[in-house]
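So this block is protein25.pdb, PDB, C-alpha atoms:
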ATOM      1  CA  MET H1268     -15.564  24.984 -23.739
ATOM      2  CA  ASP H1269     -12.780  27.176 -22.349
ATOM      3  CA  TYR H1270     -14.059  30.551 -21.114
ATOM      4  CA  ASP H1271     -10.591  31.987 -20.605
ATOM      5  CA  GLY H1272     -10.898  34.141 -23.712
ATOM      6  CA  LEU H1273     -13.690  36.289 -22.246
ATOM      7  CA  GLN H1274     -11.182  38.171 -20.070
ATOM      8  CA  LEU H1275     -13.776  39.857 -17.874
ATOM      9  CA  PRO H1276     -12.491  43.008 -16.128
ATOM     10  CA  ALA H1277     -12.930  41.496 -12.672
ATOM     11  CA  ARG H1278     -11.267  38.171 -13.531
ATOM     12  CA  GLU H1279      -8.198  38.665 -11.297
ATOM     13  CA  GLN H1280     -10.443  39.799  -8.470
ATOM     14  CA  THR H1281     -12.709  36.768  -9.010
ATOM     15  CA  ILE H1282      -9.725  34.441  -8.854
ATOM     16  CA  ARG H1283      -8.499  36.052  -5.661
ATOM     17  CA  GLN H1284     -11.934  35.893  -4.040
ATOM     18  CA  LEU H1285     -12.458  32.246  -5.050
ATOM     19  CA  ARG H1286      -9.087  31.314  -3.583
ATOM     20  CA  GLU H1287      -9.921  33.103  -0.355
ATOM     21  CA  LEU H1288     -13.328  31.421  -0.161
ATOM     22  CA  SER H1289     -11.796  28.032  -0.920
ATOM     23  CA  ARG H1290      -9.291  28.444   1.891
ATOM     24  CA  LYS H1291     -12.049  29.496   4.253
ATOM     25  CA  LEU H1292     -14.172  26.478   3.277
ATOM     26  CA  VAL H1293     -11.236  24.182   3.941
ATOM     27  CA  ARG H1294     -10.778  25.708   7.392
ATOM     28  CA  GLU H1295     -14.462  25.834   8.315
ATOM     29  CA  LEU H1296     -15.078  22.242   7.214
ATOM     30  CA  GLY H1297     -12.185  21.116   9.399
ATOM     31  CA  PHE H1298      -9.688  19.930   6.809
ATOM     32  CA  MET H1299      -6.828  21.745   8.516
ATOM     33  CA  ARG H1300      -7.287  19.662  11.651
ATOM     34  CA  SER H1301      -5.668  16.284  12.238
ATOM     35  CA  THR H1302      -9.128  14.710  12.603
ATOM     36  CA  LEU H1303     -12.392  15.318  10.808
ATOM     37  CA  ALA H1304     -16.181  15.178  11.246
ATOM     38  CA  GLY H1305     -16.228  14.556  14.983
ATOM     39  CA  SER H1306     -14.176  11.372  14.587
ATOM     40  CA  ASP H1307     -10.597  10.567  15.528
ATOM     41  CA  MET H1308      -9.752   9.883  11.875
ATOM     42  CA  ALA H1309      -7.682  11.946   9.448
ATOM     43  CA  PRO H1310      -9.584  13.691   6.614
ATOM     44  CA  SER H1311      -8.354  11.214   3.973
ATOM     45  CA  ALA H1312      -9.509   8.265   6.110
ATOM     46  CA  VAL H1313     -12.923   9.853   6.640
ATOM     47  CA  HIS H1314     -13.372  10.312   2.888
ATOM     48  CA  ALA H1315     -12.285   6.724   2.234
ATOM     49  CA  ILE H1316     -14.858   5.433   4.739
ATOM     50  CA  ILE H1317     -17.599   7.539   3.137
ATOM     51  CA  GLU H1318     -16.801   6.349  -0.397
ATOM     52  CA  ILE H1319     -16.515   2.676   0.564
ATOM     53  CA  GLY H1320     -19.812   2.973   2.425
ATOM     54  CA  LEU H1321     -21.465   4.523  -0.627
ATOM     55  CA  ASN H1322     -19.906   1.936  -2.978
ATOM     56  CA  PRO H1323     -19.719  -1.434  -1.178
ATOM     57  CA  GLY H1324     -17.552  -3.833  -3.151
ATOM     58  CA  ILE H1325     -15.457  -1.047  -4.682
ATOM     59  CA  GLN H1326     -11.919  -1.981  -5.709
ATOM     60  CA  ALA H1327      -8.899  -0.113  -4.399
ATOM     61  CA  ARG H1328      -7.978   1.343  -7.801
ATOM     62  CA  ASP H1329     -11.471   2.830  -8.182
ATOM     63  CA  LEU H1330     -11.317   4.206  -4.644
ATOM     64  CA  GLY H1331      -8.004   5.849  -5.495
ATOM     65  CA  GLU H1332      -9.544   7.517  -8.546
ATOM     66  CA  LEU H1333     -12.430   8.861  -6.465
ATOM     67  CA  LEU H1334     -10.077  10.263  -3.826
ATOM     68  CA  CYS H1335      -7.456  11.462  -6.365
ATOM     69  CA  LEU H1336      -4.806   9.296  -4.667
ATOM     70  CA  ASP H1337      -2.057   7.294  -6.333
ATOM     71  CA  LYS H1338      -1.848   3.517  -5.992
ATOM     72  CA  SER H1339       0.673   3.541  -3.149
ATOM     73  CA  ASN H1340      -1.235   6.045  -1.002
ATOM     74  CA  THR H1341      -4.517   4.233  -1.638
ATOM     75  CA  SER H1342      -2.975   0.917  -0.551
ATOM     76  CA  ARG H1343      -1.619   2.498   2.618
ATOM     77  CA  GLN H1344      -4.991   4.042   3.440
ATOM     78  CA  VAL H1345      -6.861   0.772   2.906
ATOM     79  CA  ALA H1346      -4.309  -1.161   4.975
ATOM     80  CA  LYS H1347      -4.651   1.286   7.883
ATOM     81  CA  LEU H1348      -8.451   1.111   7.838
ATOM     82  CA  GLU H1349      -8.305  -2.681   7.659
ATOM     83  CA  ALA H1350      -5.903  -2.811  10.617
ATOM     84  CA  LEU H1351      -8.342  -0.650  12.609
ATOM     85  CA  GLY H1352     -11.135  -3.104  11.891
ATOM     86  CA  LEU H1353     -13.126  -0.594   9.816
ATOM     87  CA  VAL H1354     -12.715  -2.125   6.349
ATOM     88  CA  ARG H1355     -12.638  -5.706   5.111
ATOM     89  CA  ARG H1356     -11.223  -7.027   1.858
ATOM     90  CA  ALA H1357     -12.565  -9.991  -0.103
ATOM     91  CA  PRO H1358     -10.849 -11.566  -3.134
ATOM     92  CA  LEU H1359     -12.695 -11.238  -6.427
ATOM     93  CA  GLU H1360     -13.590 -14.521  -8.098
ATOM     94  CA  ALA H1361     -12.658 -13.163 -11.517
ATOM     95  CA  ASP H1362      -9.193 -12.013 -10.383
ATOM     96  CA  GLY H1363      -7.517 -13.649  -7.394
ATOM     97  CA  ARG H1364      -5.108 -10.719  -7.057
ATOM     98  CA  ALA H1365      -7.858  -8.077  -6.814
ATOM     99  CA  PHE H1366     -10.007  -7.334  -3.772
ATOM    100  CA  SER H1367     -13.361  -5.726  -3.150
ATOM    101  CA  LEU H1368     -13.712  -3.367  -0.193
ATOM    102  CA  SER H1369     -16.583  -3.029   2.240
ATOM    103  CA  LEU H1370     -17.140  -1.595   5.704
ATOM    104  CA  THR H1371     -17.247  -3.800   8.768
ATOM    105  CA  GLU H1372     -19.970  -3.292  11.385
ATOM    106  CA  THR H1373     -17.566  -0.993  13.225
ATOM    107  CA  GLY H1374     -16.887   0.894  10.003
ATOM    108  CA  GLN H1375     -20.613   1.241   9.295
ATOM    109  CA  ALA H1376     -21.175   2.643  12.777
ATOM    110  CA  LEU H1377     -18.376   5.186  12.292
ATOM    111  CA  ARG H1378     -19.751   6.166   8.897
ATOM    112  CA  LYS H1379     -23.182   6.832  10.430
ATOM    113  CA  LYS H1380     -21.539   9.021  13.069
ATOM    114  CA  ILE H1381     -19.652  10.941  10.378
ATOM    115  CA  ASP H1382     -22.837  11.344   8.319
ATOM    116  CA  ARG H1383     -24.739  12.726  11.298
ATOM    117  CA  PHE H1384     -21.978  15.228  12.035
ATOM    118  CA  ALA H1385     -21.729  16.393   8.409
ATOM    119  CA  THR H1386     -25.510  16.603   7.982
ATOM    120  CA  ASP H1387     -25.872  18.699  11.131
ATOM    121  CA  GLN H1388     -23.007  20.964  10.026
ATOM    122  CA  VAL H1389     -24.497  21.611   6.569
ATOM    123  CA  SER H1390     -28.053  21.916   7.925
ATOM    124  CA  ALA H1391     -26.991  24.589  10.415
ATOM    125  CA  ALA H1392     -25.306  26.571   7.637
ATOM    126  CA  LEU H1393     -28.291  26.295   5.261
ATOM    127  CA  ARG H1394     -30.636  27.705   7.902
ATOM    128  CA  ARG H1395     -28.750  30.982   7.474
ATOM    129  CA  ILE H1396     -29.226  31.059   3.674
ATOM    130  CA  MET H1397     -32.442  31.937   1.831
ATOM    131  CA  PRO H1398     -34.017  28.949   0.003
ATOM    132  CA  GLU H1399     -33.626  30.579  -3.422
ATOM    133  CA  ASP H1400     -29.949  31.236  -2.689
ATOM    134  CA  GLN H1401     -29.462  27.617  -1.617
ATOM    135  CA  GLN H1402     -30.312  26.368  -5.120
ATOM    136  CA  GLY H1403     -28.027  28.937  -6.683
ATOM    137  CA  LEU H1404     -25.281  27.814  -4.343
ATOM    138  CA  LEU H1405     -25.715  24.190  -5.435
ATOM    139  CA  ARG H1406     -25.527  25.099  -9.113
ATOM    140  CA  ALA H1407     -22.471  27.299  -8.593
ATOM    141  CA  LEU H1408     -20.617  24.670  -6.558
ATOM    142  CA  ALA H1409     -21.428  21.986  -9.136
ATOM    143  CA  LEU H1410     -20.062  24.171 -11.944
ATOM    144  CA  TYR H1411     -16.957  25.056  -9.942
ATOM    145  CA  SER H1412     -16.298  21.424  -9.001
ATOM    146  CA  GLN H1413     -16.647  20.272 -12.613
ATOM    147  CA  ALA H1414     -14.360  23.034 -13.838
ATOM    148  CA  LEU H1415     -11.683  22.145 -11.275
ATOM    149  CA  SER H1416     -11.753  18.497 -12.325
ATOM    150  CA  ARG H1417     -10.734  19.411 -15.877
ATOM    151  CA  ASP H1418      -6.962  19.097 -16.376
ATOM    152  CA  ASN H1419      -6.493  18.746 -12.617
ATOM    153  CA  PRO H1420      -2.715  18.914 -11.929
ATOM    154  CA  ASN H1421      -3.255  16.925  -8.731
ATOM    155  CA  LEU H1422      -4.128  13.891 -10.854
ATOM    156  CA  ALA H1423      -0.814  13.848 -12.702
ATOM    157  CA  ALA H1424       1.321  10.800 -12.140
ATOM    158  CA  PRO H1425       3.449  11.574  -9.076
ATOM    159  CA  GLN H1426       7.198  11.351  -9.190
ATOM    160  CA  GLY H1427       7.719   9.106  -6.219
ATOM    161  CA  PRO H1428      10.755   9.426  -3.995
ATOM    162  CA  ALA H1429      13.507   6.861  -4.066
ATOM    163  CA  PRO H1430      12.847   3.833  -1.870
ATOM    164  CA  ALA H1431      13.638   4.474   1.773
ATOM    165  CA  ALA H1432      16.880   3.145   3.215
ATOM    166  CA  LEU H1433      16.672  -0.455   4.384
ATOM    167  CA  THR H1434      17.632  -1.758   7.813
ATOM    168  CA  THR H1435      19.917  -4.769   8.133
ATOM    169  CA  GLY H1436      20.073  -7.379  10.858
ATOM    170  CA  TYR H1437      17.695  -8.179  13.685
ATOM    171  CA  GLN H1438      15.455  -5.370  14.936
ATOM    172  CA  PRO H1439      13.199  -5.719  18.013
ATOM    173  CA  GLY H1440       9.761  -6.904  16.941
ATOM    174  CA  CYS H1441      10.762  -7.834  13.404
ATOM    175  CA  ILE H1442      10.239 -11.585  13.875
ATOM    176  CA  GLY H1443       6.607 -11.170  14.905
ATOM    177  CA  ASP H1444       5.983  -8.546  12.204
ATOM    178  CA  ILE H1445       7.455 -10.697   9.430
ATOM    179  CA  ALA H1446       5.645 -13.826  10.611
ATOM    180  CA  GLY H1447       2.391 -11.830  10.723
ATOM    181  CA  LEU H1448       2.895 -10.509   7.194
ATOM    182  CA  HIS H1449       3.409 -14.058   5.926
ATOM    183  CA  ALA H1450       0.469 -15.440   7.877
ATOM    184  CA  ARG H1451      -1.999 -12.855   6.620
ATOM    185  CA  TYR H1452      -0.831 -12.972   3.030
ATOM    186  CA  TYR H1453      -0.710 -16.752   2.649
ATOM    187  CA  ALA H1454      -3.949 -17.276   4.537
ATOM    188  CA  GLY H1455      -5.611 -15.221   1.808
ATOM    189  CA  THR H1456      -3.769 -16.684  -1.190
ATOM    190  CA  SER H1457      -3.208 -20.298  -0.160
ATOM    191  CA  GLY H1458      -5.349 -21.006   2.896
ATOM    192  CA  PHE H1459      -2.388 -21.556   5.246
ATOM    193  CA  GLY H1460      -3.008 -21.460   8.975
ATOM    194  CA  VAL H1461      -1.281 -21.705  12.342
ATOM    195  CA  PHE H1462       1.202 -24.385  11.254
ATOM    196  CA  PHE H1463       2.649 -22.088   8.591
ATOM    197  CA  GLU H1464       2.832 -19.030  10.856
ATOM    198  CA  HIS H1465       4.534 -21.046  13.596
ATOM    199  CA  LYS H1466       7.056 -22.436  11.108
ATOM    200  CA  VAL H1467       7.940 -18.982   9.783
ATOM    201  CA  ALA H1468       8.298 -17.491  13.266
ATOM    202  CA  SER H1469      10.374 -20.346  14.708
ATOM    203  CA  GLU H1470      12.727 -20.705  11.734
ATOM    204  CA  LEU H1471      13.142 -16.949  11.328
ATOM    205  CA  GLY H1472      13.847 -16.637  15.059
ATOM    206  CA  ALA H1473      16.561 -19.286  14.818
ATOM    207  CA  PHE H1474      18.070 -17.528  11.809
ATOM    208  CA  ALA H1475      18.069 -14.135  13.549
ATOM    209  CA  GLN H1476      19.901 -15.642  16.526
ATOM    210  CA  SER H1477      22.693 -16.725  14.163
ATOM    211  CA  LEU H1478      23.399 -13.154  13.035
ATOM    212  CA  PRO H1479      25.868 -11.717  12.358
ATOM    213  CA  ALA H1480      27.345 -14.550  10.308
ATOM    214  CA  ALA H1481      29.301 -14.852   7.075
ATOM    215  CA  GLY H1482      27.061 -15.171   4.036
ATOM    216  CA  LYS H1483      23.872 -14.405   5.965
ATOM    217  CA  GLN H1484      21.836 -11.201   6.137
ATOM    218  CA  LEU H1485      18.345  -9.891   6.886
ATOM    219  CA  TRP H1486      17.021  -6.683   5.291
ATOM    220  CA  THR H1487      13.843  -4.951   6.435
ATOM    221  CA  HIS H1488      11.789  -1.906   5.548
ATOM    222  CA  VAL H1489      10.582  -0.276   8.765
ATOM    223  CA  GLU H1490       7.996   2.491   9.257
ATOM    224  CA  GLN H1491       7.098   3.883  12.680
ATOM    225  CA  GLY H1492       8.697   0.932  14.421
ATOM    226  CA  ARG H1493       6.887  -1.726  12.363
ATOM    227  CA  THR H1494       8.529  -4.032   9.836
ATOM    228  CA  LEU H1495       6.494  -3.826   6.617
ATOM    229  CA  ALA H1496       8.787  -5.749   4.253
ATOM    230  CA  SER H1497      11.683  -8.178   4.506
ATOM    231  CA  ILE H1498      14.087 -10.455   2.656
ATOM    232  CA  VAL H1499      16.765 -12.865   3.864
ATOM    233  CA  ILE H1500      19.826 -14.429   2.286
ATOM    234  CA  ASP H1501      20.866 -17.585   4.116
ATOM    235  CA  GLY H1502      24.171 -18.410   2.470
ATOM    236  CA  ASP H1503      26.833 -21.052   3.078
ATOM    237  CA  PRO H1504      30.320 -19.836   2.050
ATOM    238  CA  ALA H1505      31.652 -23.416   2.149
ATOM    239  CA  SER H1506      29.209 -24.707  -0.471
ATOM    240  CA  GLY H1507      28.814 -21.441  -2.365
ATOM    241  CA  VAL H1508      25.019 -21.751  -2.267
ATOM    242  CA  ALA H1509      22.512 -19.307  -0.748
ATOM    243  CA  HIS H1510      18.837 -19.664   0.077
ATOM    244  CA  LEU H1511      16.600 -16.609  -0.482
ATOM    245  CA  ARG H1512      13.957 -16.676   2.263
ATOM    246  CA  TRP H1513      11.113 -14.673   3.857
ATOM    247  CA  PHE H1514      10.644 -12.205   1.028
ATOM    248  CA  ILE H1515       7.405 -10.363   1.844
ATOM    249  CA  VAL H1516       5.970  -6.875   1.294
ATOM    250  CA  ASP H1517       2.935  -5.456   3.082
ATOM    251  CA  ASP H1518      -0.030  -4.625   0.840
ATOM    252  CA  SER H1519       0.328  -0.952   1.744
ATOM    253  CA  LEU H1520       3.719  -0.890  -0.039
ATOM    254  CA  ARG H1521       2.824  -2.810  -3.168
ATOM    255  CA  GLY H1522       3.733  -0.772  -6.235
ATOM    256  CA  SER H1523       6.071   1.468  -4.231
ATOM    257  CA  GLY H1524       9.307  -0.178  -5.427
ATOM    258  CA  VAL H1525      10.241  -1.440  -1.952
ATOM    259  CA  GLY H1526      10.074  -5.088  -3.038
ATOM    260  CA  ARG H1527      12.389  -4.538  -5.979
ATOM    261  CA  HIS H1528      14.746  -2.515  -3.771
ATOM    262  CA  LEU H1529      14.920  -5.380  -1.256
ATOM    263  CA  LEU H1530      15.576  -7.932  -3.986
ATOM    264  CA  ASP H1531      18.264  -5.735  -5.569
ATOM    265  CA  GLN H1532      20.085  -5.448  -2.234
ATOM    266  CA  ALA H1533      19.867  -9.178  -1.639
ATOM    267  CA  MET H1534      21.205  -9.975  -5.125
ATOM    268  CA  ALA H1535      24.093  -7.529  -4.695
ATOM    269  CA  PHE H1536      24.978  -9.412  -1.497
ATOM    270  CA  VAL H1537      24.699 -12.774  -3.280
ATOM    271  CA  ASP H1538      26.911 -11.644  -6.162
ATOM    272  CA  ALA H1539      29.503 -10.141  -3.838
ATOM    273  CA  HIS H1540      29.881 -13.578  -2.243
ATOM    274  CA  GLY H1541      29.795 -15.421  -5.561
ATOM    275  CA  PHE H1542      26.806 -17.500  -4.421
ATOM    276  CA  GLU H1543      24.482 -19.595  -6.502
ATOM    277  CA  CYS H1544      21.045 -18.745  -5.133
ATOM    278  CA  TYR H1545      17.753 -20.611  -4.947
ATOM    279  CA  LEU H1546      14.301 -20.001  -3.493
ATOM    280  CA  TRP H1547      11.046 -21.846  -2.939
ATOM    281  CA  THR H1548       7.689 -20.283  -3.764
ATOM    282  CA  PHE H1549       4.180 -21.293  -4.828
ATOM    283  CA  LYS H1550       2.620 -21.327  -8.273
ATOM    284  CA  GLY H1551       0.231 -18.467  -8.950
ATOM    285  CA  LEU H1552       2.111 -15.646  -7.198
ATOM    286  CA  GLU H1553       2.635 -13.715 -10.421
ATOM    287  CA  ALA H1554       3.934 -10.428  -9.025
ATOM    288  CA  ALA H1555       6.744 -12.199  -7.167
ATOM    289  CA  ARG H1556       7.485 -14.431 -10.155
ATOM    290  CA  HIS H1557       8.066 -11.414 -12.402
ATOM    291  CA  LEU H1558      10.516  -9.971  -9.861
ATOM    292  CA  TYR H1559      12.409 -13.271  -9.642
ATOM    293  CA  LEU H1560      12.661 -13.621 -13.411
ATOM    294  CA  ALA H1561      13.864 -10.027 -13.749
ATOM    295  CA  ALA H1562      16.561 -10.713 -11.138
ATOM    296  CA  GLY H1563      17.913 -13.666 -13.141
ATOM    297  CA  PHE H1564      16.124 -16.613 -11.517
ATOM    298  CA  ALA H1565      14.756 -19.457 -13.610
ATOM    299  CA  LEU H1566      12.202 -22.111 -12.721
ATOM    300  CA  ALA H1567      14.056 -25.349 -11.959
ATOM    301  CA  GLU H1568      11.290 -27.641 -10.698
ATOM    302  CA  GLU H1569       7.723 -27.717  -9.441
ATOM    303  CA  ALA H1570       5.542 -30.293  -7.729
ATOM    304  CA  PRO H1571       2.351 -30.402  -5.637
ATOM    305  CA  GLY H1572       2.813 -30.425  -1.872
ATOM    306  CA  ASP H1573       0.691 -30.232   1.271
ATOM    307  CA  GLN H1574       3.296 -29.777   3.994
ATOM    308  CA  TRP H1575       2.111 -26.195   4.682
ATOM    309  CA  GLY H1576      -1.418 -27.010   5.761
ATOM    310  CA  SER H1577      -3.154 -26.945   2.361
ATOM    311  CA  ARG H1578      -2.317 -28.344  -1.049
ATOM    312  CA  VAL H1579      -0.290 -26.040  -3.312
ATOM    313  CA  VAL H1580       2.155 -26.355  -6.206
ATOM    314  CA  GLU H1581       5.633 -25.654  -4.870
ATOM    315  CA  GLN H1582       8.218 -24.152  -7.218
ATOM    316  CA  ARG H1583      11.982 -23.943  -6.946
ATOM    317  CA  TYR H1584      13.785 -21.108  -8.746
ATOM    318  CA  VAL H1585      17.556 -21.006  -9.215
ATOM    319  CA  ARG H1586      19.953 -18.198 -10.092
ATOM    320  CA  ALA H1587      23.462 -19.125 -11.240
ATOM    321  CA  ALA H1588      26.506 -17.694  -9.465
ATOM    322  CA  ARG H1589      27.850 -14.541 -11.030
ATOM    323  CA  ALA H1590      31.398 -13.231 -10.999
ATOM    324  CA  VAL H1591      31.989 -10.106  -8.910
ATOM    325  CA  PRO H1592      33.167  -7.186 -11.103
ATOM    326  CA  LEU H1593      36.547  -5.774 -10.157
ATOM    327  CA  GLY H1594      36.349  -2.881  -7.741
ATOM    328  CA  GLU H1595      33.060  -3.946  -6.123
ATOM    329  CA  PRO H1596      32.964  -4.484  -2.358
ATOM    330  CA  ALA H1597      33.507  -8.073  -1.272
ATOM    331  CA  ASP H1598      30.803  -7.977   1.392
ATOM    332  CA  GLY H1599      27.908  -6.769  -0.792
ATOM    333  CA  SER H1600      27.526  -3.538   1.190
ATOM    334  CA  ASP H1601      26.372  -0.304  -0.432
TER     335      ASP H1601
END
Represent the structure from my file as structure tokens, please.
Amino acid sequence: MDYDGLQLPAREQTIRQLRELSRKLVRELGFMRSTLAGSDMAPSAVHAIIEIGLNPGIQARDLGELLCLDKSNTSRQVAKLEALGLVRRAPLEADGRAFSLSLTETGQALRKKIDRFATDQVSAALRRIMPEDQQGLLRALALYSQALSRDNPNLAAPQGPAPAALTTGYQPGCIGDIAGLHARYYAGTSGFGVFFEHKVASELGAFAQSLPAAGKQLWTHVEQGRTLASIVIDGDPASGVAHLRWFIVDDSLRGSGVGRHLLDQAMAFVDAHGFECYLWTFKGLEAARHLYLAAGFALAEEAPGDQWGSRVVEQRYVRAARAVPLGEPADGSD
């Protein structure tokens, strides 16, 4: 039911007072500070820890709904908590691409500290309120919370900004970051270990030393000095063939459009050089496969292999050379 039609005389005053009280609650509870609840964590991180602790095994999408966060922001939050050793992810048997979330021992200890702080804060406030008023307060807050959740504009699908500008060429630290991204991702999806990480780091290091070079380029997405996504085109102008390599996107950026932006830039570079392009990947990586197919690649061959440390089905995708439209830059630059 919508009570707007009652038009009580004091409605404007009620709205103003509720807004003032809401702002005061936000300040008194500490949400204006950079950290919350006696921890060194941001308010959004504290709420994520609380909800994961209350719902062990929760999936990221459900956590996002609870916190009113979009997919990208939820992924970033989970990745940060995982990097701090507070949250662990485990693949779901029913869906290899989905993960359940739970708190580590360190995360559980922090949650207990947060709970103690919040309980003490609320308890101290309630001691100043008569018992009969406490129950009225609970009912009023419950009604207000439910009313706010109806048609909440904060839950509307956000209009995300355009993907951030990419960096080209070698950047200090990028080799270790990219190797780490590969190691963590493929350890979870394919069971690869130290052999694979060493291979990525050594071959990527050799490639980076060759830059700048005709037909070769490295693109990265960097945030706060860390490489969170990458793609490489290793082309040979003499043969007219290019190898797409080291295409990886951190979990915190999945769904943000960064992967597609990287692939678009790489394909513009390939087309500007008139290269045929190929890549190697593994069967079962559906998100990447859809991107490759959309970019014009087609599956050319597949076969089982165990050269990476565990047995997988390797796939080779090929994209035919395309003519460069007149007026486009010859070097594939923007």
*asked:* Translate the PyMOL selection byres ((chain H and resi 1444-1447) around 8) into a concrete residue list for this structure, as a ChimeraX atom specification.
replied: /H:1440-1443,1448-1451,1464-1465,1467-1468,1493-1497,1513,1515
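Of the listed residues H:Pro1358, H:Gly1522, H:Gly1324, H:Gly1460, the one whose atoms come nearest to Arg1343 (chain H) is H:Gly1522, with distances taken using only C-alpha atoms.
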| request: Fewer than 4 positions away in the same chain doesn't count, so skip those; otherwise give me all residues within 10 Å of Phe1514 (chain H), counting all atoms listed in the file, as number ranges by chain. | output: H: 1445, 1449, 1485-1487, 1496-1500, 1526, 1529-1530, 1546, 1548, 1555
Mind dumping the selected residues with C-alpha atoms as a PDB file, keeping the file's coordinate frame?
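Once everything was written out, this is part11.pdb:
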ATOM      1  CA  ILE H1445       7.455 -10.697   9.430  1.00  0.00           C
ATOM      2  CA  HIS H1449       3.409 -14.058   5.926  1.00  0.00           C
ATOM      3  CA  LEU H1485      18.345  -9.891   6.886  1.00  0.00           C
ATOM      4  CA  TRP H1486      17.021  -6.683   5.291  1.00  0.00           C
ATOM      5  CA  THR H1487      13.843  -4.951   6.435  1.00  0.00           C
ATOM      6  CA  ALA H1496       8.787  -5.749   4.253  1.00  0.00           C
ATOM      7  CA  SER H1497      11.683  -8.178   4.506  1.00  0.00           C
ATOM      8  CA  ILE H1498      14.087 -10.455   2.656  1.00  0.00           C
ATOM      9  CA  VAL H1499      16.765 -12.865   3.864  1.00  0.00           C
ATOM     10  CA  ILE H1500      19.826 -14.429   2.286  1.00  0.00           C
ATOM     11  CA  GLY H1526      10.074  -5.088  -3.038  1.00  0.00           C
ATOM     12  CA  LEU H1529      14.920  -5.380  -1.256  1.00  0.00           C
ATOM     13  CA  LEU H1530      15.576  -7.932  -3.986  1.00  0.00           C
ATOM     14  CA  LEU H1546      14.301 -20.001  -3.493  1.00  0.00           C
ATOM     15  CA  THR H1548       7.689 -20.283  -3.764  1.00  0.00           C
ATOM     16  CA  ALA H1555       6.744 -12.199  -7.167  1.00  0.00           C
TER      17      ALA H1555
END
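Across the model, the gap from CA of Phe1542 (chain H) to CA of Val1508 (chain H) is 5.1 Å.
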Q) Neighbours of Ser1519 (chain H) within 10 Å (all atoms listed in the file; same-chain residues fewer than 5 positions away dropped), as a PyMOL selection string? A) chain H and resi 1338-1347+1495
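Against the coordinates shown, the PyMOL selection byres ((chain H and resi 1366-1375) around 6) returns Ile1319, Pro1323, Gly1324, Ile1325, Gln1326, Leu1353, Val1354, Arg1355, Arg1356, Ala1357, Pro1358, Leu1359, Ala1365, Ala1376, Leu1377 and Arg1378 of chain H.
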Written file, previous selection with C-alpha atoms, as a CSV table (one decimal), in the frame of the given file:
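Dumped to again_1.csv:
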chain,number,residue,atom,x,y,z
H,1319,ILE,CA,-16.5,2.7,0.6
H,1323,PRO,CA,-19.7,-1.4,-1.2
H,1324,GLY,CA,-17.6,-3.8,-3.2
H,1325,ILE,CA,-15.5,-1.0,-4.7
H,1326,GLN,CA,-11.9,-2.0,-5.7
H,1353,LEU,CA,-13.1,-0.6,9.8
H,1354,VAL,CA,-12.7,-2.1,6.3
H,1355,ARG,CA,-12.6,-5.7,5.1
H,1356,ARG,CA,-11.2,-7.0,1.9
H,1357,ALA,CA,-12.6,-10.0,-0.1
H,1358,PRO,CA,-10.8,-11.6,-3.1
H,1359,LEU,CA,-12.7,-11.2,-6.4
H,1365,ALA,CA,-7.9,-8.1,-6.8
H,1376,ALA,CA,-21.2,2.6,12.8
H,1377,LEU,CA,-18.4,5.2,12.3
H,1378,ARG,CA,-19.8,6.2,8.9
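Evaluated against the shown file, the PyMOL selection byres ((chain H and resi 1544) around 9) gives Ile1500, Gly1502, Gly1507, Val1508, Ala1509, His1510, Leu1511, Met1534, Val1537, Phe1542, Glu1543, Tyr1545, Leu1546, Phe1564, Tyr1584, Val1585, Arg1586, Ala1587 and Ala1588 of chain H.
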Students should find that CA of Lys1550 (chain H) and CA of Glu1569 (chain H) are spaced 8.3 Å
> Do you know which residues are at most 10 Å from Ala1481 (chain H) counting all atoms listed in the file, after dropping those on the same chain fewer than 2 positions away, and could you put them as a list in words?
Replying inline: Ser1477, Leu1478, Pro1479, Lys1483, Gln1484, Asp1501, Gly1502, Asp1503, Pro1504, His1540 and Asp1598 of chain H
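For the atom pair formed by CA of Leu1348 (chain H) and CA of Ile1316 (chain H), the distance is 8.3 Å, given to one decimal.
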Counting only C-alpha atoms, closest pick from H:Asp1517, H:Asp1531, H:Glu1349, H:Asp1337 relative to Leu1433 (chain H) is H:Asp1531
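Among the candidates H:Arg1286, H:Arg1383, H:Arg1406, H:His1488, the one nearest to His1528 (chain H) when counting all atoms listed in the file is H:His1488.
Ranking H:Arg1583, H:Arg1395, H:Arg1527, H:Lys1380 by their shortest atom-to-atom distance to His1557 (chain H), with all atoms listed in the file included, puts H:Arg1527 first.
For Ile1317 (chain H), the list of residues within 9 Å, based on all atoms listed in the file and with local chain neighbours fewer than 4 positions off taken out, reads Ala1312, Val1313, Leu1321, Asn1322, Arg1378, Ile1381 and Asp1382 of chain H.
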Keeping only C-alpha atoms, write those residues as a compact mmCIF listing (two decimals), in the frame of the given file.
# COMPACT_ATOMS: atom_id res chain seq x y z
CA ALA H 1312 -9.51 8.26 6.11
CA VAL H 1313 -12.92 9.85 6.64
CA LEU H 1321 -21.46 4.52 -0.63
CA ASN H 1322 -19.91 1.94 -2.98
CA ARG H 1378 -19.75 6.17 8.90
CA ILE H 1381 -19.65 10.94 10.38
CA ASP H 1382 -22.84 11.34 8.32
One residue among H:Ser1311, H:Gly1482, H:Glu1287, H:Ser1523 is nearest to Asp1538 (chain H) when using only C-alpha atoms, and that residue is H:Gly1482
Need the axis-aligned box for region 1461-1479 of chain H with 8 Å each side, so what are the centre and edges in Å to one decimal, as lines of an AutoDock Vina configuration file?
center_x = 12.3
center_y = -18.1
center_z = 12.6
size_x = 43.1
size_y = 28.7
size_z = 23.9
